[in-house]
file target-v8.txt (compact mmCIF, N, CA and C atoms)
# COMPACT_ATOMS: atom_id res chain seq x y z
N MET A 1 1.56 -5.67 10.81
CA MET A 1 1.01 -6.08 9.54
C MET A 1 1.93 -7.13 8.93
N LYS A 2 1.33 -8.14 8.33
CA LYS A 2 2.08 -9.22 7.72
C LYS A 2 2.41 -8.87 6.27
N ILE A 3 3.71 -8.87 5.96
CA ILE A 3 4.17 -8.53 4.61
C ILE A 3 4.93 -9.72 4.05
N GLY A 4 4.55 -10.14 2.86
CA GLY A 4 5.29 -11.18 2.15
C GLY A 4 6.13 -10.53 1.06
N VAL A 5 7.40 -10.92 0.98
CA VAL A 5 8.30 -10.33 -0.02
C VAL A 5 8.77 -11.44 -0.95
N GLN A 6 8.59 -11.20 -2.25
CA GLN A 6 9.07 -12.14 -3.26
C GLN A 6 10.04 -11.41 -4.17
N SER A 7 11.23 -11.95 -4.30
CA SER A 7 12.21 -11.36 -5.22
C SER A 7 12.30 -12.25 -6.45
N ILE A 8 12.15 -11.63 -7.61
CA ILE A 8 12.10 -12.36 -8.87
C ILE A 8 13.39 -12.09 -9.64
N HIS A 9 14.05 -13.13 -10.08
CA HIS A 9 15.31 -13.10 -10.84
C HIS A 9 16.52 -12.74 -9.99
N PHE A 10 16.41 -12.75 -8.68
CA PHE A 10 17.55 -12.53 -7.79
C PHE A 10 17.13 -12.91 -6.37
N SER A 11 18.08 -12.93 -5.45
CA SER A 11 17.74 -13.20 -4.05
C SER A 11 18.03 -11.93 -3.23
N ALA A 12 17.03 -11.48 -2.49
CA ALA A 12 17.14 -10.24 -1.71
C ALA A 12 17.88 -10.52 -0.41
N ASP A 13 18.73 -9.58 -0.01
CA ASP A 13 19.45 -9.75 1.24
C ASP A 13 18.59 -9.29 2.41
N SER A 14 19.01 -9.62 3.61
CA SER A 14 18.19 -9.34 4.79
C SER A 14 18.06 -7.85 5.07
N LYS A 15 19.07 -7.05 4.70
CA LYS A 15 18.98 -5.60 4.92
C LYS A 15 17.84 -5.01 4.09
N LEU A 16 17.70 -5.46 2.86
CA LEU A 16 16.63 -4.98 1.99
C LEU A 16 15.27 -5.41 2.53
N LEU A 17 15.17 -6.65 2.99
CA LEU A 17 13.91 -7.15 3.55
C LEU A 17 13.52 -6.39 4.81
N ASP A 18 14.49 -6.08 5.66
CA ASP A 18 14.22 -5.31 6.87
C ASP A 18 13.77 -3.89 6.52
N PHE A 19 14.41 -3.30 5.52
CA PHE A 19 14.05 -1.96 5.07
C PHE A 19 12.59 -1.93 4.59
N ILE A 20 12.22 -2.91 3.79
CA ILE A 20 10.85 -2.97 3.26
C ILE A 20 9.84 -3.15 4.39
N GLN A 21 10.15 -4.04 5.33
CA GLN A 21 9.23 -4.28 6.46
C GLN A 21 9.07 -3.02 7.30
N LYS A 22 10.17 -2.30 7.54
CA LYS A 22 10.12 -1.08 8.34
C LYS A 22 9.26 -0.02 7.66
N LYS A 23 9.45 0.14 6.35
CA LYS A 23 8.66 1.13 5.60
C LYS A 23 7.19 0.75 5.57
N ALA A 24 6.90 -0.52 5.36
CA ALA A 24 5.50 -0.97 5.29
C ALA A 24 4.81 -0.82 6.64
N ASN A 25 5.53 -1.03 7.73
CA ASN A 25 4.94 -0.89 9.05
C ASN A 25 4.51 0.55 9.32
N LYS A 26 5.15 1.51 8.68
CA LYS A 26 4.76 2.91 8.87
C LYS A 26 3.38 3.20 8.30
N LEU A 27 2.91 2.37 7.37
CA LEU A 27 1.56 2.58 6.82
C LEU A 27 0.49 2.34 7.87
N ASP A 28 0.81 1.58 8.92
CA ASP A 28 -0.16 1.34 10.00
C ASP A 28 -0.53 2.64 10.72
N GLN A 29 0.33 3.65 10.65
CA GLN A 29 0.02 4.94 11.27
C GLN A 29 -1.17 5.60 10.58
N PHE A 30 -1.31 5.35 9.30
CA PHE A 30 -2.36 6.01 8.53
C PHE A 30 -3.66 5.21 8.48
N PHE A 31 -3.54 3.88 8.57
CA PHE A 31 -4.73 3.03 8.51
C PHE A 31 -4.41 1.73 9.23
N ASP A 32 -5.06 1.51 10.37
CA ASP A 32 -4.71 0.36 11.19
C ASP A 32 -5.46 -0.91 10.80
N GLN A 33 -6.28 -0.87 9.76
CA GLN A 33 -7.05 -2.04 9.37
C GLN A 33 -6.48 -2.77 8.16
N ILE A 34 -5.20 -2.53 7.85
CA ILE A 34 -4.57 -3.23 6.73
C ILE A 34 -4.45 -4.70 7.11
N ILE A 35 -4.97 -5.56 6.25
CA ILE A 35 -4.99 -6.99 6.55
C ILE A 35 -3.63 -7.62 6.26
N SER A 36 -3.13 -7.44 5.05
CA SER A 36 -1.82 -8.00 4.70
C SER A 36 -1.27 -7.28 3.48
N GLY A 37 -0.06 -7.64 3.12
CA GLY A 37 0.58 -7.01 1.98
C GLY A 37 1.52 -7.96 1.28
N GLU A 38 1.74 -7.72 0.00
CA GLU A 38 2.68 -8.48 -0.81
C GLU A 38 3.60 -7.51 -1.51
N VAL A 39 4.90 -7.80 -1.49
CA VAL A 39 5.88 -6.96 -2.18
C VAL A 39 6.59 -7.85 -3.20
N TYR A 40 6.62 -7.39 -4.44
CA TYR A 40 7.31 -8.10 -5.50
C TYR A 40 8.48 -7.24 -5.98
N LEU A 41 9.68 -7.78 -5.88
CA LEU A 41 10.87 -7.08 -6.33
C LEU A 41 11.35 -7.77 -7.60
N LYS A 42 11.49 -6.99 -8.68
CA LYS A 42 11.86 -7.57 -9.97
C LYS A 42 13.07 -6.85 -10.55
N LEU A 43 13.91 -7.62 -11.20
CA LEU A 43 15.01 -7.07 -11.99
C LEU A 43 14.63 -7.21 -13.44
N GLU A 44 14.61 -6.12 -14.16
CA GLU A 44 14.23 -6.14 -15.56
C GLU A 44 15.49 -6.17 -16.42
N ASN A 45 15.48 -6.95 -17.47
CA ASN A 45 16.64 -7.04 -18.35
C ASN A 45 16.59 -5.96 -19.42
N VAL A 46 16.96 -4.76 -19.03
CA VAL A 46 17.05 -3.65 -19.97
C VAL A 46 18.40 -2.97 -19.79
N GLU A 47 18.79 -2.19 -20.76
CA GLU A 47 20.07 -1.50 -20.68
C GLU A 47 19.99 -0.26 -19.79
N ASP A 48 18.79 0.18 -19.49
CA ASP A 48 18.62 1.36 -18.65
C ASP A 48 19.10 1.07 -17.22
N GLU A 49 19.64 2.10 -16.57
CA GLU A 49 20.12 1.95 -15.19
C GLU A 49 18.97 1.69 -14.22
N ALA A 50 17.83 2.30 -14.48
CA ALA A 50 16.66 2.15 -13.60
C ALA A 50 15.91 0.88 -13.97
N ASN A 51 16.49 -0.26 -13.62
CA ASN A 51 15.88 -1.54 -13.99
C ASN A 51 15.31 -2.30 -12.81
N LYS A 52 15.18 -1.65 -11.67
CA LYS A 52 14.67 -2.32 -10.47
C LYS A 52 13.22 -1.89 -10.22
N ILE A 53 12.34 -2.87 -10.13
CA ILE A 53 10.91 -2.60 -9.99
C ILE A 53 10.43 -3.12 -8.64
N SER A 54 9.66 -2.29 -7.96
CA SER A 54 9.04 -2.67 -6.70
C SER A 54 7.53 -2.54 -6.85
N GLU A 55 6.82 -3.63 -6.65
CA GLU A 55 5.36 -3.64 -6.70
C GLU A 55 4.84 -4.00 -5.32
N ILE A 56 3.90 -3.21 -4.82
CA ILE A 56 3.35 -3.47 -3.49
C ILE A 56 1.84 -3.54 -3.60
N LYS A 57 1.27 -4.60 -3.03
CA LYS A 57 -0.18 -4.80 -3.02
C LYS A 57 -0.62 -4.92 -1.58
N LEU A 58 -1.59 -4.09 -1.18
CA LEU A 58 -2.13 -4.14 0.19
C LEU A 58 -3.58 -4.58 0.13
N ILE A 59 -3.94 -5.49 1.02
CA ILE A 59 -5.33 -5.92 1.14
C ILE A 59 -5.92 -5.17 2.34
N VAL A 60 -6.97 -4.38 2.06
CA VAL A 60 -7.66 -3.63 3.11
C VAL A 60 -9.14 -4.00 3.04
N PRO A 61 -9.89 -3.77 4.12
CA PRO A 61 -11.33 -4.04 4.07
C PRO A 61 -11.98 -3.20 2.98
N GLY A 62 -12.64 -3.87 2.06
CA GLY A 62 -13.32 -3.16 0.99
C GLY A 62 -12.51 -3.05 -0.29
N GLY A 63 -11.33 -3.65 -0.36
CA GLY A 63 -10.59 -3.56 -1.60
C GLY A 63 -9.13 -3.89 -1.49
N THR A 64 -8.43 -3.61 -2.59
CA THR A 64 -7.00 -3.84 -2.69
C THR A 64 -6.34 -2.59 -3.23
N LEU A 65 -5.22 -2.22 -2.63
CA LEU A 65 -4.47 -1.05 -3.08
C LEU A 65 -3.16 -1.54 -3.70
N PHE A 66 -2.74 -0.90 -4.80
CA PHE A 66 -1.56 -1.38 -5.53
C PHE A 66 -0.71 -0.21 -5.98
N ALA A 67 0.61 -0.38 -5.90
CA ALA A 67 1.54 0.64 -6.39
C ALA A 67 2.73 -0.06 -7.02
N LYS A 68 3.22 0.51 -8.12
CA LYS A 68 4.38 -0.05 -8.83
C LYS A 68 5.31 1.09 -9.19
N GLU A 69 6.59 0.94 -8.85
CA GLU A 69 7.59 1.97 -9.16
C GLU A 69 8.84 1.32 -9.72
N GLN A 70 9.51 2.05 -10.61
CA GLN A 70 10.75 1.57 -11.21
C GLN A 70 11.82 2.64 -11.02
N CYS A 71 12.96 2.26 -10.42
CA CYS A 71 14.03 3.21 -10.11
C CYS A 71 15.39 2.53 -10.24
N LYS A 72 16.42 3.29 -9.83
CA LYS A 72 17.78 2.77 -9.87
C LYS A 72 18.08 1.80 -8.74
N SER A 73 17.36 1.92 -7.62
CA SER A 73 17.57 1.01 -6.49
C SER A 73 16.22 0.56 -5.95
N PHE A 74 16.23 -0.59 -5.31
CA PHE A 74 14.98 -1.12 -4.73
C PHE A 74 14.50 -0.25 -3.59
N GLU A 75 15.43 0.34 -2.84
CA GLU A 75 15.05 1.21 -1.73
C GLU A 75 14.28 2.43 -2.23
N GLU A 76 14.78 3.04 -3.29
CA GLU A 76 14.11 4.22 -3.85
C GLU A 76 12.74 3.85 -4.42
N ALA A 77 12.68 2.73 -5.14
CA ALA A 77 11.41 2.29 -5.71
C ALA A 77 10.39 1.98 -4.61
N THR A 78 10.86 1.34 -3.54
CA THR A 78 9.97 1.01 -2.42
C THR A 78 9.48 2.28 -1.73
N ASP A 79 10.38 3.24 -1.53
CA ASP A 79 9.98 4.53 -0.93
C ASP A 79 8.86 5.18 -1.74
N LEU A 80 9.03 5.26 -3.05
CA LEU A 80 8.02 5.90 -3.90
C LEU A 80 6.70 5.13 -3.89
N ALA A 81 6.78 3.80 -3.91
CA ALA A 81 5.57 2.99 -3.88
C ALA A 81 4.83 3.14 -2.54
N ILE A 82 5.57 3.20 -1.44
CA ILE A 82 4.95 3.38 -0.12
C ILE A 82 4.27 4.74 -0.05
N GLU A 83 4.91 5.76 -0.60
CA GLU A 83 4.32 7.11 -0.60
C GLU A 83 3.02 7.12 -1.43
N SER A 84 3.04 6.43 -2.56
CA SER A 84 1.83 6.33 -3.38
C SER A 84 0.73 5.60 -2.62
N LEU A 85 1.08 4.54 -1.92
CA LEU A 85 0.08 3.80 -1.13
C LEU A 85 -0.45 4.63 0.02
N ARG A 86 0.39 5.47 0.61
CA ARG A 86 -0.07 6.34 1.70
C ARG A 86 -1.17 7.26 1.19
N LYS A 87 -0.99 7.81 0.00
CA LYS A 87 -2.02 8.68 -0.59
C LYS A 87 -3.29 7.89 -0.88
N GLN A 88 -3.13 6.67 -1.39
CA GLN A 88 -4.29 5.83 -1.68
C GLN A 88 -5.05 5.47 -0.41
N ILE A 89 -4.30 5.19 0.67
CA ILE A 89 -4.93 4.86 1.95
C ILE A 89 -5.75 6.03 2.46
N THR A 90 -5.18 7.24 2.38
CA THR A 90 -5.89 8.43 2.83
C THR A 90 -7.19 8.62 2.04
N LYS A 91 -7.11 8.43 0.74
CA LYS A 91 -8.29 8.56 -0.12
C LYS A 91 -9.33 7.48 0.22
N HIS A 92 -8.85 6.25 0.44
CA HIS A 92 -9.74 5.14 0.78
C HIS A 92 -10.46 5.41 2.11
N LYS A 93 -9.73 5.94 3.09
CA LYS A 93 -10.33 6.26 4.39
C LYS A 93 -11.39 7.34 4.25
N ASP A 94 -11.09 8.38 3.45
CA ASP A 94 -12.06 9.45 3.25
C ASP A 94 -13.34 8.93 2.60
N LYS A 95 -13.20 8.07 1.61
CA LYS A 95 -14.38 7.50 0.96
C LYS A 95 -15.19 6.65 1.93
N THR A 96 -14.50 5.85 2.74
CA THR A 96 -15.18 4.99 3.70
C THR A 96 -15.92 5.81 4.74
N ARG A 97 -15.28 6.87 5.21
CA ARG A 97 -15.93 7.74 6.20
C ARG A 97 -17.15 8.43 5.59
N ALA A 98 -17.04 8.86 4.33
CA ALA A 98 -18.17 9.54 3.68
C ALA A 98 -19.35 8.59 3.56
N LYS A 99 -19.10 7.34 3.18
CA LYS A 99 -20.18 6.36 3.07
C LYS A 99 -20.82 6.12 4.43
N LEU A 100 -19.99 6.00 5.46
CA LEU A 100 -20.49 5.74 6.80
C LEU A 100 -21.36 6.90 7.29
N SER A 101 -20.92 8.14 7.05
CA SER A 101 -21.70 9.28 7.49
C SER A 101 -23.01 9.40 6.71
N GLU A 102 -23.00 9.01 5.42
CA GLU A 102 -24.25 9.00 4.64
C GLU A 102 -25.23 8.01 5.23
N HIS A 103 -24.73 6.83 5.59
CA HIS A 103 -25.62 5.83 6.18
C HIS A 103 -26.19 6.31 7.51
N LYS A 104 -25.36 6.95 8.31
CA LYS A 104 -25.85 7.47 9.59
C LYS A 104 -26.90 8.55 9.37
N ALA A 105 -26.70 9.40 8.37
CA ALA A 105 -27.66 10.46 8.08
C ALA A 105 -28.99 9.87 7.61
N ILE A 106 -28.94 8.85 6.78
CA ILE A 106 -30.16 8.20 6.30
C ILE A 106 -30.88 7.53 7.45
N LEU A 107 -30.13 6.86 8.33
CA LEU A 107 -30.76 6.21 9.48
C LEU A 107 -31.41 7.23 10.42
N SER A 108 -30.74 8.35 10.67
CA SER A 108 -31.32 9.34 11.57
C SER A 108 -32.55 10.00 10.95
N GLU A 109 -32.59 10.18 9.64
CA GLU A 109 -33.77 10.73 8.97
C GLU A 109 -34.95 9.77 9.08
N SER A 110 -34.68 8.47 8.87
CA SER A 110 -35.78 7.51 8.93
C SER A 110 -36.31 7.36 10.35
N GLU A 111 -35.42 7.50 11.33
CA GLU A 111 -35.87 7.45 12.72
C GLU A 111 -36.71 8.67 13.07
N ALA A 112 -36.37 9.80 12.54
CA ALA A 112 -37.11 11.03 12.82
C ALA A 112 -38.51 10.97 12.21
N THR A 113 -38.63 10.36 11.05
CA THR A 113 -39.95 10.27 10.40
C THR A 113 -40.82 9.21 11.04
N ASP A 114 -40.20 8.26 11.75
CA ASP A 114 -40.98 7.19 12.38
C ASP A 114 -41.79 7.71 13.57
N TYR A 115 -41.36 8.81 14.17
CA TYR A 115 -42.02 9.30 15.37
C TYR A 115 -43.02 10.32 15.07
call {"tool": "encode", "arguments": {"input": "target-v8.txt", "output": "structure tokens"}}
result
Amino acid sequence: MKIGVQSIHFSADSKLLDFIQKKANKLDQFFDQIISGEVYLKLENVEDEANKISEIKLIVPGGTLFAKEQCKSFEEATDLAIESLRKQITKHKDKTRAKLSEHKAILSESEATDY
């Protein structure tokens, strides 16, 4: 899966970029039709220690999935956002399967009445 990473107000080092790519690649285990993804890493100017924000947007067939987390480190924020996206992917797959099975049921009913 192709992931674009943009760091806002700082420059991300290669270890962080590799970490994000490795975590994002694990989402392919749950849904292999992910088209692409964008990761936005932001530093917020607040006095709070948890000033690092990770936003992840995934483009999948039929929609876009988005997660945003704020933590003390980018790694922790990315972990939480990936976990949130994993849940969204599972829900998206269930909805897609339900629609597909409804269509199949409607088609089989119409074929049965045709004969």
call {"tool": "closest_residue", "arguments": {"input": "target-v8.txt", "among": "A:Leu41, A:Glu69, A:Leu107, A:Met1", "to": "Ala24 in chain A", "atoms": "only N, CA and C atoms"}}
result
A:Met1
call {"tool": "select_by_dssp", "arguments": {"input": "target-v8.txt", "residues": "range 3-81 of chain A", "states": "strand (DSSP E or B)", "output": "PyMOL selection string"}}
result
chain A and resi 3-8+36-43+52-60+63-71
call {"tool": "closest_residue", "arguments": {"input": "target-v8.txt", "among": "A:Gly63, A:Ile53, A:Lys95, A:Thr90", "to": "Ala77 in chain A", "atoms": "all atoms listed in the file"}}
result
A:Ile53
call {"tool": "select_by_dssp", "arguments": {"input": "target-v8.txt", "residues": "chain A", "states": "alpha helix (DSSP H)", "output": "JSON, numbers by chain"}}
result
{"A": [14, 15, 16, 17, 18, 19, 20, 21, 22, 23, 24, 25, 74, 75, 76, 77, 78, 79, 80, 81, 82, 83, 84, 85, 86, 87, 88, 89, 90, 91, 92, 93, 94, 95, 96, 97, 98, 99, 100, 101, 102, 103, 104, 105, 106, 107, 108, 109, 110, 111, 112, 113, 114]}
call {"tool": "atom_distance", "arguments": {"input": "target-v8.txt", "atom1": "CA of Leu100 in chain A", "atom2": "CA of Phe31 in chain A"}}
result
16.1 Å
call {"tool": "residues_around", "arguments": {"input": "target-v8.txt", "residues": "Leu43 in chain A", "least_positions_apart": "6", "cutoff": "8 Å", "atoms": "only C-alpha atoms", "output": "PyMOL selection string"}}
result
chain A and resi 8-10+51-53
call {"tool": "atom_distance", "arguments": {"input": "target-v8.txt", "atom1": "atom C of Ile82 in chain A", "atom2": "CA of Lys26 in chain A"}}
result
9.1 Å
call {"tool": "closest_residue", "arguments": {"input": "target-v8.txt", "among": "A:Glu49, A:Ser11, A:Ile56, A:Ile106", "to": "Lys72 in chain A", "atoms": "all atoms listed in the file"}}
result
A:Glu49
call {"tool": "axis_aligned_box", "arguments": {"input": "target-v8.txt", "around": "range 30-37 of chain A", "padding_each_side": "8 Å", "output": "lines of an AutoDock Vina configuration file"}}
result
center_x = -2.8
center_y = -1.0
center_z = 6.2
size_x = 24.6
size_y = 30.0
size_z = 25.9
call {"tool": "closest_residue", "arguments": {"input": "target-v8.txt", "among": "A:Ile34, A:Val46, A:Val39, A:Ile89", "to": "Lys68 in chain A", "atoms": "only C-alpha atoms"}}
result
A:Val39
call {"tool": "closest_residue", "arguments": {"input": "target-v8.txt", "among": "A:Lys87, A:Lys57, A:Lys22, A:Lys15", "to": "Gly37 in chain A", "atoms": "only C-alpha atoms"}}
result
A:Lys57
call {"tool": "closest_residue", "arguments": {"input": "target-v8.txt", "among": "A:Lys42, A:Lys104, A:Lys2, A:Lys23", "to": "Cys71 in chain A", "atoms": "only C-alpha atoms"}}
result
A:Lys42
call {"tool": "atom_distance", "arguments": {"input": "target-v8.txt", "atom1": "CA of Ile3 in chain A", "atom2": "CA of Ser36 in chain A"}}
result
6.0 Å
